[in-house]
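Since the structure comes first, as structure tokens, the remarks are kept for the end.
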4 protein chains.
Amino acid sequence: MTRVGIIGATGYAGVELVRILHGHPHVTLSTITSRQYAGTAISAVFPSLTGVVDIQCEAFSPDETCERADVLFTALPHHVSMAIVPELVRRGRRVIDLSADFRFRNVNLYEAHYQPHSARELSEQAVYGLSEVFTEAIRSADLVGNPGCYPTSVLLPLIPLVSAGMLDPGSLIADAKSGVSGAGRSPALTSLYCEVAESFKAYKIGVHRHNPEMNEVLSAVAGRPLSITFVPHLVPLSRGMLTTIYASPCAPVTEEEIRDVLARYYEGRPFIRLRPTGGPPNTLHVRGTNYCDIGCKVDAGSGRIILISAIDNLVKGAAGQAVQNMNLMLGLPEDCGLNGVPFAL
Amino acid sequence: MTRVGIIGATGYAGVELVRILHGHPHVTLSTITSRQYAGTAISAVFPSLTGVVDIQCEAFSPDETCERADVLFTALPHHVSMAIVPELVRRGRRVIDLSADFRFRNVNLYEAHYQPHSARELSEQAVYGLSEVFTEAIRSADLVGNPGCYPTSVLLPLIPLVSAGMLDPGSLIADAKSGVSGAGRSPALTSLYCEVAESFKAYKIGVHRHNPEMNEVLSAVAGRPLSITFVPHLVPLSRGMLTTIYASPCAPVTEEEIRDVLARYYEGRPFIRLRPTGGPPNTLHVRGTNYCDIGCKVDAGSGRIILISAIDNLVKGAAGQAVQNMNLMLGLPEDCGLNGVPFAL
Amino acid sequence: MTRVGIIGATGYAGVELVRILHGHPHVTLSTITSRQYAGTAISAVFPSLTGVVDIQCEAFSPDETCERADVLFTALPHHVSMAIVPELVRRGRRVIDLSADFRFRNVNLYEAHYQPHSARELSEQAVYGLSEVFTEAIRSADLVGNPGCYPTSVLLPLIPLVSAGMLDPGSLIADAKSGVSGAGRSPALTSLYCEVAESFKAYKIGVHRHNPEMNEVLSAVAGRPLSITFVPHLVPLSRGMLTTIYASPCAPVTEEEIRDVLARYYEGRPFIRLRPTGGPPNTLHVRGTNYCDIGCKVDAGSGRIILISAIDNLVKGAAGQAVQNMNLMLGLPEDCGLNGVPFAL
Amino acid sequence: MTRVGIIGATGYAGVELVRILHGHPHVTLSTITSRQYAGTAISAVFPSLTGVVDIQCEAFSPDETCERADVLFTALPHHVSMAIVPELVRRGRRVIDLSADFRFRNVNLYEAHYQPHSARELSEQAVYGLSEVFTEAIRSADLVGNPGCYPTSVLLPLIPLVSAGMLDPGSLIADAKSGVSGAGRSPALTSLYCEVAESFKAYKIGVHRHNPEMNEVLSAVAGRPLSITFVPHLVPLSRGMLTTIYASPCAPVTEEEIRDVLARYYEGRPFIRLRPTGGPPNTLHVRGTNYCDIGCKVDAGSGRIILISAIDNLVKGAAGQAVQNMNLMLGLPEDCGLNGVPFAL
């Protein structure tokens, strides 16, 4: 049993980590920290866990926290992570960071869209934790920058086609829709029930910070600079993310050919499910799971390719993929602790 | 006071017509029909109307219904309308039909996507009721084919730019999201609360019947055949539709130029609201109103134009636009009976 | 045209006042104030109002605000009202206060449950604004303490039976359920979408501050001390409140007798709608309206009376009843500006 | 490994059984039947199960179905069960029936509220499957009538106090609130998204068929005829049930005394969680779990006891309790297969 810890366990991604890691057969959740709730039982913060997870939130301390766990998950706001993660790595801990701070290989790109980076070298050495794509690098990584939810939903359907050189690089568009938990558990006007119910809107059009993250990875895969038009939207869902991608093929393709490319790329990977024609992905089908359901269609009129992905933004888009990465790092089957039977509603 | 009637008053669009027409200062709602609820008070079907609208549903009869009203709204399923509308027109009534049956000038297109048409000539003579675009023709029309909700949301932002020849015709994509009331009030598995809550999905990808409707109008406006890629999605909202449109400009444009084209095209029209930069449209802002809020943005990376429209699918997307068309036909101000103060939530 | 002003116009009750008063045929909304949004157009805070309500929020100033309006609505937090209202009354303005500060005749009761009161005398002179019950006193009042949403929903069905002496005074129980807008527009963890969706809970069981408010009014009506057991619950609704009341009759009664008592008490009052047997109240039927729908039933097994009321917590439970009170104070028909046709969904 | 089957696997309770039983470590889900979907993979009906549960729905046949499974769950509409269950029992299968057909010992009571019973003797021999209360009888039962969701939520908090003789028998009131999945997966107007969203209502006031079920059990526990006033309400939730119970104590009690009685009664039972004072139950805390969270409070004014329970209507209110009963029947730990870590949202 590997001892694992969560730094920042009381946000929505943090408590998802608690849920998954507590039920994981090969690890022990040995420490969780929370600035706001230090000294409080996690089950007092999230009463659903009463009688199930009997562990108390602690204040973070580099020495003590590292002493208690071999692998650490950091589920902290951007900027906070970069101050803490180097201390963990220095103490020999393997780290999976859920913030944006270690997602970029080109730190200038990070700095252009976030803020000055105080651990540039470490960021350059970190591995981007898109589990199905950078699998081998993740296995041996000491520090994984866990992908953003939007990039996960955009990259998984696109990368097989981009890496096969099938797509017109200037044609890529991702129209993404996210549930509200993506905005986190901090009180904010725009996350209030009455502001979200009966509301559907786009936001940060063309300026969302997940856009450069996608671009960097797509460019690396394509072997040349590549940029995607990205529009995120907010949906009245607690959990779930559905992304509809439009791309022009370099040469006419059929739906079957696209499916073949995807099926071959993800062969043997348990969390990618290709939906049959006529049964497009639905956030409800992946709710609470680590699946990424993918559907595709060729628009008859234009020949344009339409790809659709559905994930749970808190699982495959955050905590689930983080645990999947831990499994890879520990040499465990990648679905270990992530294979509960899904709910139908 | 013009006497107006509603044929098919107990669906969601029908009862919206009841609401708007009962409150309209220049018409009298003199007859409403319903096959299912004939003999029942409308307030027994929709208790919100108790004490406000005291009118009883009747069975439809061409002679009696026409005797009671000068203008008729038909809110019936496709196929049913085409059997009834000719009888109304023959009796000299002016008709606004909310089904798809009289939306197409090219009836072959209708027949390719719906079914054989039993009133082809009448369909060719009908006027497409996109109020802000075909205003003059609507004023003198005897029969208006009221637009579908999706086409309304797609055409209003696009037509000014298409008619100005600013867009690459092969580049048009509409990613549309609709509330559940668009599926109507008939019990259906896919409209159940438990199937819709926490669910977001695309459906009828590339094969929705509103697609040829959009194409016919866009082609007429552009003066050449034009086809748009169209993907509809279902959102857990009762009311509301938001459409995100992607198009490549023929020559680089700025957001200000786009706004200017839109502002000039819709000058003086009360229901088109251009949103300021940084305040994109939101279905909650137009809920229960006849507004179409439009926002635009130029994607810095690609130069692509992003247009976003928000409407209430039951108002501007159905009953409200129908009344707006009636106002035009009767020489009334077009916002008559449609200018209630909007709710903030 | 009477000039009216709103002090605190950017909360949920405040913007409801804006909506109703802007559409009111006999008043002019001449000033609105907001501490947070002073200098900002109300339509920038609530974009639904764009193009409809073109008025700017101002900072509150006793002199200027009173100069601009003859009647003032104060929609402020408890405690803030008691500091401001006396200044308005002193300047000869008639005031309708939506906070709890002027709801209690027995100020000791207020102080026991809220805080020390700085305007005790004024509170003793204020009139409790339950429009259908204290009608005559409201007509001539200078200061109305507008009732809480829960007390409105509890008192309207109960008062006719209590004042007729029909109920066992120790038997009263109110199980109330409220939408989330009752918690206001300030960001709070418990009002976040993800905390409310798929959640239903009781809160402040037996200790809610609306309980003494109900008790004071019920006791006054009964002519002896009377206390009701009160449990509020939070429902995933934006708007709406449904209260189920249980009471034992002093002597066996039939449903018809109860309905008769209610019908006679509220004869001629436009906003009380008695629901027919088998068609119990529903928050959706009163959404956006000033109605209070009431249903009743006698439990066959126990003889217990069950009363159910439905209101929109922001309208009859706040802004709508406030305007109804203004109408009474100005000698207008009480439904003036409140008689829009309801939505069916 | 015991082989188990589900007759009627494609309703909401049926698919919950699929979920739980497929993940159960000591049983094999060897057959599932569905009239509507015979020949279809369960994962085609519920795509969330794709790649996880690879089993096909079959038509029900007494011989074949019994041949394939040792324990059978029947999740069928009332009336259908009574025709099928006797055939299963006759073939020596142990049966857990989720309909109302085998919940009543007094079959006359069933017939008074449902319909004529075609298997009266079998019904009299069946065991009422309230797991924590009739534990010993369930262990040896051949046929368990699984409780209704409402009775489960009412009986679990009440029985310890009733059996201790602490409550005034004429004082019992249960105000219950249920999510929409309780109405099943059959398309019905009242279960449509647009009819449920922003709606809260009572229904079947005093005439719901779960009322006599509660009464029979309460009377048996009390040792004398006992009747409870019961009002069910519909909440816009997919899953979840919260019941607020009011009762007068025979002699004054404190909250601590009530908690003690409950704690002693349920000592060692894993699925009853007593909530601390100030942290009342919430449906979100039990979503997807077999827990029944219980809170209590004594109303200071009246001395009345307030009990609140929260369950997931599809789990503890249906499929989960059914599996708990199976565990008891098979001599397994009662939480076997039911102890997944709960979600926080």
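Letters A, B, ... go to the chains of the structure tokens in the order shown; residues in each chain start at 1; ligands are counted from 1 in the same order.
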
Closest-contact table, stretch 216-289 of chain B side, partner stretch 269-292 of chain A, 12 Å, counting only C-alpha atoms, as a tab-separated table:
residue	atom	partner	partner_atom	distance
B:Val231	CA	A:Pro280	CA	11.5
B:Pro232	CA	A:Pro280	CA	11.7
B:His233	CA	A:Asn282	CA	10.0
B:Leu234	CA	A:Asn282	CA	9.8
B:Val235	CA	A:Thr283	CA	10.8
B:Pro236	CA	A:Leu284	CA	11.4

What would the file look like if the residues just selected were written as a PDB file, in the first residue's frame with C-alpha atoms?
ATOM      1  CA  VAL B 231     -25.340  20.891 -34.631  1.00  0.00           C
ATOM      2  CA  PRO B 232     -28.212  21.242 -32.137  1.00  0.00           C
ATOM      3  CA  HIS B 233     -27.762  20.401 -28.451  1.00  0.00           C
ATOM      4  CA  LEU B 234     -30.217  19.908 -25.584  1.00  0.00           C
ATOM      5  CA  VAL B 235     -29.675  21.899 -22.355  1.00  0.00           C
ATOM      6  CA  PRO B 236     -31.381  21.449 -18.977  1.00  0.00           C
TER       7      PRO B 236
END

Would you list which chain A residues are within 7 Å of chain B using only C-alpha atoms, as a PyMOL selection string?
chain A and resi 194+198-203+206+227+229+236-238+242+280-284+299+301-302+345

Name all residues at most 12 Å from B:Arg90 (count only C-alpha atoms; drop same-chain ones fewer than 4 positions away) and give them as a list of chain:residue names.
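Once the nearby chain positions are removed, what remains is B:Pro62, B:Asp63, B:Cys66, B:Ile84, B:Val85, B:Pro86, B:Arg94, B:Val95, B:Leu122, B:Asp142, B:Leu143.
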
DSSP on the backbone, then: every residue of stretch 21-57 of chain B marked alpha helix (DSSP H), written as a PyMOL selection string.
chain B and resi 21-22+42-45

Saved selection, atoms kept: N, CA and C atoms, as a PDB file, in the first residue's frame:
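Wrote selection.pdb, looks like this:
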ATOM      1  N   LEU B  21     -51.369  37.122 -26.374  1.00  0.00           N
ATOM      2  CA  LEU B  21     -52.537  37.714 -27.041  1.00  0.00           C
ATOM      3  C   LEU B  21     -53.580  38.185 -26.034  1.00  0.00           C
ATOM      4  N   HIS B  22     -53.714  37.473 -24.917  1.00  0.00           N
ATOM      5  CA  HIS B  22     -54.662  37.935 -23.900  1.00  0.00           C
ATOM      6  C   HIS B  22     -54.242  39.293 -23.342  1.00  0.00           C
ATOM      7  N   ILE B  42     -59.093  26.684 -20.439  1.00  0.00           N
ATOM      8  CA  ILE B  42     -57.630  26.728 -20.563  1.00  0.00           C
ATOM      9  C   ILE B  42     -56.997  26.827 -19.177  1.00  0.00           C
ATOM     10  N   SER B  43     -57.697  27.427 -18.226  1.00  0.00           N
ATOM     11  CA  SER B  43     -57.128  27.566 -16.881  1.00  0.00           C
ATOM     12  C   SER B  43     -57.154  26.245 -16.107  1.00  0.00           C
ATOM     13  N   ALA B  44     -57.898  25.272 -16.591  1.00  0.00           N
ATOM     14  CA  ALA B  44     -57.829  23.943 -15.977  1.00  0.00           C
ATOM     15  C   ALA B  44     -56.619  23.187 -16.516  1.00  0.00           C
ATOM     16  N   VAL B  45     -56.214  23.493 -17.731  1.00  0.00           N
ATOM     17  CA  VAL B  45     -55.026  22.870 -18.317  1.00  0.00           C
ATOM     18  C   VAL B  45     -53.763  23.546 -17.775  1.00  0.00           C
TER      19      VAL B  45
END

Who sits within 10 Å of C:Arg120, only C-alpha atoms, same chain under 3 positions skipped, as a PyMOL selection string
chain C and resi 82+101-102+104-108+110-111+116-117+123-125

Those same residues - all heavy atoms - I'd like them written as a CSV table (one decimal), in the first residue's frame.
chain,number,residue,atom,x,y,z
C,82,MET,N,-33.4,50.2,9.7
C,82,MET,CA,-33.8,51.0,10.9
C,82,MET,C,-32.9,52.3,11.0
C,82,MET,O,-33.4,53.3,11.7
C,82,MET,CB,-33.7,50.2,12.2
C,82,MET,CG,-32.3,49.8,12.6
C,82,MET,SD,-32.3,49.2,14.3
C,82,MET,CE,-32.6,47.5,14.1
C,101,ASP,N,-37.2,45.1,10.0
C,101,ASP,CA,-37.0,46.1,11.1
C,101,ASP,C,-38.3,46.7,11.5
C,101,ASP,O,-38.4,47.2,12.7
C,101,ASP,CB,-36.0,47.2,10.6
C,101,ASP,CG,-34.6,46.7,10.6
C,101,ASP,OD1,-34.4,45.5,11.0
C,101,ASP,OD2,-33.7,47.4,10.2
C,102,PHE,N,-39.3,46.8,10.7
C,102,PHE,CA,-40.6,47.4,11.1
C,102,PHE,C,-41.8,46.5,11.0
C,102,PHE,O,-42.9,46.9,10.9
C,102,PHE,CB,-40.8,48.7,10.3
C,102,PHE,CG,-39.7,49.7,10.5
C,102,PHE,CD1,-38.6,49.8,9.7
C,102,PHE,CD2,-39.7,50.5,11.7
C,102,PHE,CE1,-37.6,50.7,9.9
C,102,PHE,CE2,-38.7,51.4,11.9
C,102,PHE,CZ,-37.6,51.5,11.0
C,104,PHE,N,-42.5,44.3,13.6
C,104,PHE,CA,-43.0,43.9,14.9
C,104,PHE,C,-43.6,45.1,15.6
C,104,PHE,O,-43.0,46.2,15.7
C,104,PHE,CB,-41.8,43.4,15.7
C,104,PHE,CG,-41.3,42.0,15.3
C,104,PHE,CD1,-40.5,41.9,14.2
C,104,PHE,CD2,-41.7,40.9,16.0
C,104,PHE,CE1,-40.0,40.6,13.8
C,104,PHE,CE2,-41.3,39.6,15.6
C,104,PHE,CZ,-40.4,39.5,14.5
C,105,ARG,N,-44.8,44.8,16.2
C,105,ARG,CA,-45.4,45.9,17.1
C,105,ARG,C,-44.7,45.8,18.5
C,105,ARG,O,-44.5,46.8,19.1
C,105,ARG,CB,-46.9,45.7,17.2
C,105,ARG,CG,-47.7,45.9,15.9
C,105,ARG,CD,-47.6,47.2,15.3
C,105,ARG,NE,-46.3,47.4,14.6
C,105,ARG,CZ,-45.9,46.9,13.4
C,105,ARG,NH1,-46.7,46.1,12.8
C,105,ARG,NH2,-44.7,47.1,12.9
C,106,ASN,N,-44.5,44.5,18.9
C,106,ASN,CA,-43.8,44.3,20.2
C,106,ASN,C,-42.3,44.3,19.9
C,106,ASN,O,-41.7,43.3,19.4
C,106,ASN,CB,-44.2,43.0,20.8
C,106,ASN,CG,-43.5,42.7,22.1
C,106,ASN,OD1,-42.5,43.4,22.4
C,106,ASN,ND2,-43.9,41.7,22.8
C,107,VAL,N,-41.7,45.5,20.1
C,107,VAL,CA,-40.3,45.6,19.7
C,107,VAL,C,-39.3,44.7,20.5
C,107,VAL,O,-38.3,44.3,20.1
C,107,VAL,CB,-39.8,47.1,19.7
C,107,VAL,CG1,-38.4,47.3,19.2
C,107,VAL,CG2,-40.8,47.9,18.9
C,108,ASN,N,-39.8,44.4,21.7
C,108,ASN,CA,-39.0,43.4,22.5
C,108,ASN,C,-38.8,42.1,21.8
C,108,ASN,O,-37.8,41.4,21.9
C,108,ASN,CB,-39.7,43.2,23.9
C,108,ASN,CG,-39.7,44.4,24.7
C,108,ASN,OD1,-38.9,45.3,24.5
C,108,ASN,ND2,-40.7,44.6,25.6
C,110,TYR,N,-38.8,41.7,18.6
C,110,TYR,CA,-37.8,41.9,17.6
C,110,TYR,C,-36.4,41.8,18.2
C,110,TYR,O,-35.5,41.2,17.7
C,110,TYR,CB,-38.0,43.3,16.9
C,110,TYR,CG,-36.9,43.7,15.9
C,110,TYR,CD1,-37.1,43.4,14.6
C,110,TYR,CD2,-35.7,44.3,16.3
C,110,TYR,CE1,-36.1,43.7,13.7
C,110,TYR,CE2,-34.7,44.6,15.4
C,110,TYR,CZ,-34.9,44.3,14.1
C,110,TYR,OH,-33.9,44.6,13.2
C,111,GLU,N,-36.2,42.5,19.3
C,111,GLU,CA,-34.9,42.6,19.9
C,111,GLU,C,-34.5,41.2,20.4
C,111,GLU,O,-33.3,40.9,20.4
C,111,GLU,CB,-34.9,43.6,21.0
C,111,GLU,CG,-35.1,45.0,20.4
C,111,GLU,CD,-34.8,46.1,21.4
C,111,GLU,OE1,-35.0,45.9,22.7
C,111,GLU,OE2,-34.4,47.2,21.0
C,116,PRO,N,-30.7,45.0,19.0
C,116,PRO,CA,-31.3,46.2,19.6
C,116,PRO,C,-31.9,47.0,18.5
C,116,PRO,O,-31.4,47.1,17.4
C,116,PRO,CB,-30.2,46.9,20.3
C,116,PRO,CG,-29.2,45.8,20.6
C,116,PRO,CD,-29.3,44.8,19.5
C,117,HIS,N,-33.1,47.7,18.8
C,117,HIS,CA,-33.8,48.5,17.8
C,117,HIS,C,-33.5,49.9,18.1
C,117,HIS,O,-33.7,50.4,19.2
C,117,HIS,CB,-35.3,48.2,17.8
C,117,HIS,CG,-35.9,48.5,16.5
C,117,HIS,ND1,-36.0,49.7,15.9
C,117,HIS,CD2,-36.6,47.7,15.6
C,117,HIS,CE1,-36.6,49.7,14.8
C,117,HIS,NE2,-37.0,48.4,14.6
C,123,SER,N,-41.3,51.8,15.0
C,123,SER,CA,-41.7,50.4,14.8
C,123,SER,C,-43.0,50.1,15.4
C,123,SER,O,-43.9,49.5,14.8
C,123,SER,CB,-40.6,49.5,15.4
C,123,SER,OG,-40.9,48.1,15.0
C,124,GLU,N,-43.3,50.7,16.5
C,124,GLU,CA,-44.6,50.5,17.1
C,124,GLU,C,-45.7,51.1,16.3
C,124,GLU,O,-46.9,50.6,16.4
C,124,GLU,CB,-44.6,51.0,18.6
C,124,GLU,CG,-43.8,50.1,19.5
C,124,GLU,CD,-43.4,50.8,20.8
C,124,GLU,OE1,-43.9,51.9,21.1
C,124,GLU,OE2,-42.6,50.2,21.6
C,125,GLN,N,-45.4,52.2,15.6
C,125,GLN,CA,-46.4,52.8,14.8
C,125,GLN,C,-46.6,52.3,13.4
C,125,GLN,O,-47.6,52.5,12.8
C,125,GLN,CB,-46.1,54.3,14.7
C,125,GLN,CG,-46.1,55.1,16.0
C,125,GLN,CD,-45.2,56.3,15.9
C,125,GLN,OE1,-44.8,56.8,14.9
C,125,GLN,NE2,-44.8,56.9,17.1

Within stretch 35-81 of chain D, find each residue whose DSSP state, derived from the backbone, is strand (DSSP E or B), and express the selection as a ChimeraX atom specification.
/D:41,56-58,71-74

Compile the contact shell of C:Val4 as a PyMOL selection string: residues with an atom at most 9 Å away, counting only C-alpha atoms, same-chain residues fewer than 2 positions apart removed.
chain C and resi 2+6+21+27-32+68-73

Kindly save the residues from that selection, with N, CA, C and O atoms included, as a CSV table (one decimal), in the first residue's frame.
chain,number,residue,atom,x,y,z
C,2,THR,N,-47.4,59.3,-9.4
C,2,THR,CA,-46.6,59.5,-8.2
C,2,THR,C,-45.1,59.1,-8.5
C,2,THR,O,-44.9,58.1,-9.2
C,6,ILE,N,-36.5,53.5,-5.1
C,6,ILE,CA,-36.1,52.2,-4.4
C,6,ILE,C,-34.8,52.4,-3.8
C,6,ILE,O,-33.8,52.7,-4.5
C,21,LEU,N,-42.4,48.3,-10.8
C,21,LEU,CA,-42.7,49.7,-10.7
C,21,LEU,C,-42.4,50.4,-12.1
C,21,LEU,O,-43.2,51.3,-12.5
C,27,VAL,N,-47.3,55.2,-11.6
C,27,VAL,CA,-46.2,55.8,-10.9
C,27,VAL,C,-45.0,55.9,-11.9
C,27,VAL,O,-44.9,55.3,-12.9
C,28,THR,N,-44.1,56.8,-11.5
C,28,THR,CA,-42.8,56.9,-12.2
C,28,THR,C,-41.7,56.5,-11.3
C,28,THR,O,-41.6,57.0,-10.2
C,29,LEU,N,-40.8,55.6,-11.8
C,29,LEU,CA,-39.7,55.2,-11.0
C,29,LEU,C,-38.6,56.3,-11.2
C,29,LEU,O,-37.9,56.3,-12.2
C,30,SER,N,-38.5,57.1,-10.2
C,30,SER,CA,-37.7,58.3,-10.4
C,30,SER,C,-36.3,58.2,-9.8
C,30,SER,O,-35.4,59.0,-10.2
C,31,THR,N,-36.1,57.3,-8.9
C,31,THR,CA,-34.7,57.2,-8.4
C,31,THR,C,-34.5,55.8,-7.8
C,31,THR,O,-35.4,55.2,-7.2
C,32,ILE,N,-33.3,55.2,-8.0
C,32,ILE,CA,-33.0,53.9,-7.4
C,32,ILE,C,-31.6,54.1,-6.8
C,32,ILE,O,-30.7,54.8,-7.4
C,68,ARG,N,-36.4,63.4,-4.7
C,68,ARG,CA,-36.8,62.8,-6.0
C,68,ARG,C,-38.0,62.0,-6.0
C,68,ARG,O,-38.5,61.6,-7.1
C,69,ALA,N,-38.5,61.6,-4.8
C,69,ALA,CA,-39.6,60.6,-4.8
C,69,ALA,C,-40.5,60.9,-3.6
C,69,ALA,O,-40.1,61.4,-2.6
C,70,ASP,N,-41.8,60.5,-3.9
C,70,ASP,CA,-42.8,60.8,-2.8
C,70,ASP,C,-43.0,59.5,-2.0
C,70,ASP,O,-43.4,59.6,-0.8
C,71,VAL,N,-42.8,58.4,-2.6
C,71,VAL,CA,-43.0,57.1,-1.9
C,71,VAL,C,-41.7,56.4,-2.1
C,71,VAL,O,-41.1,56.3,-3.2
C,72,LEU,N,-41.2,55.8,-1.0
C,72,LEU,CA,-39.9,55.1,-1.1
C,72,LEU,C,-40.1,53.6,-0.6
C,72,LEU,O,-40.7,53.3,0.4
C,73,PHE,N,-39.4,52.8,-1.3
C,73,PHE,CA,-39.3,51.4,-1.0
C,73,PHE,C,-37.9,51.1,-0.4
C,73,PHE,O,-36.9,51.5,-1.1

Atom pair atom CA of D:Ile138 / atom CA of D:Glu334: separation (Å)
11.4 Å

Two-atom distance - atom CA of A:Ser61, atom CA of A:Gln324 (Å):
26.0 Å

What separates atom CA of A:Gly23 and atom CA of D:Ile20 is a distance of 15.8 Å
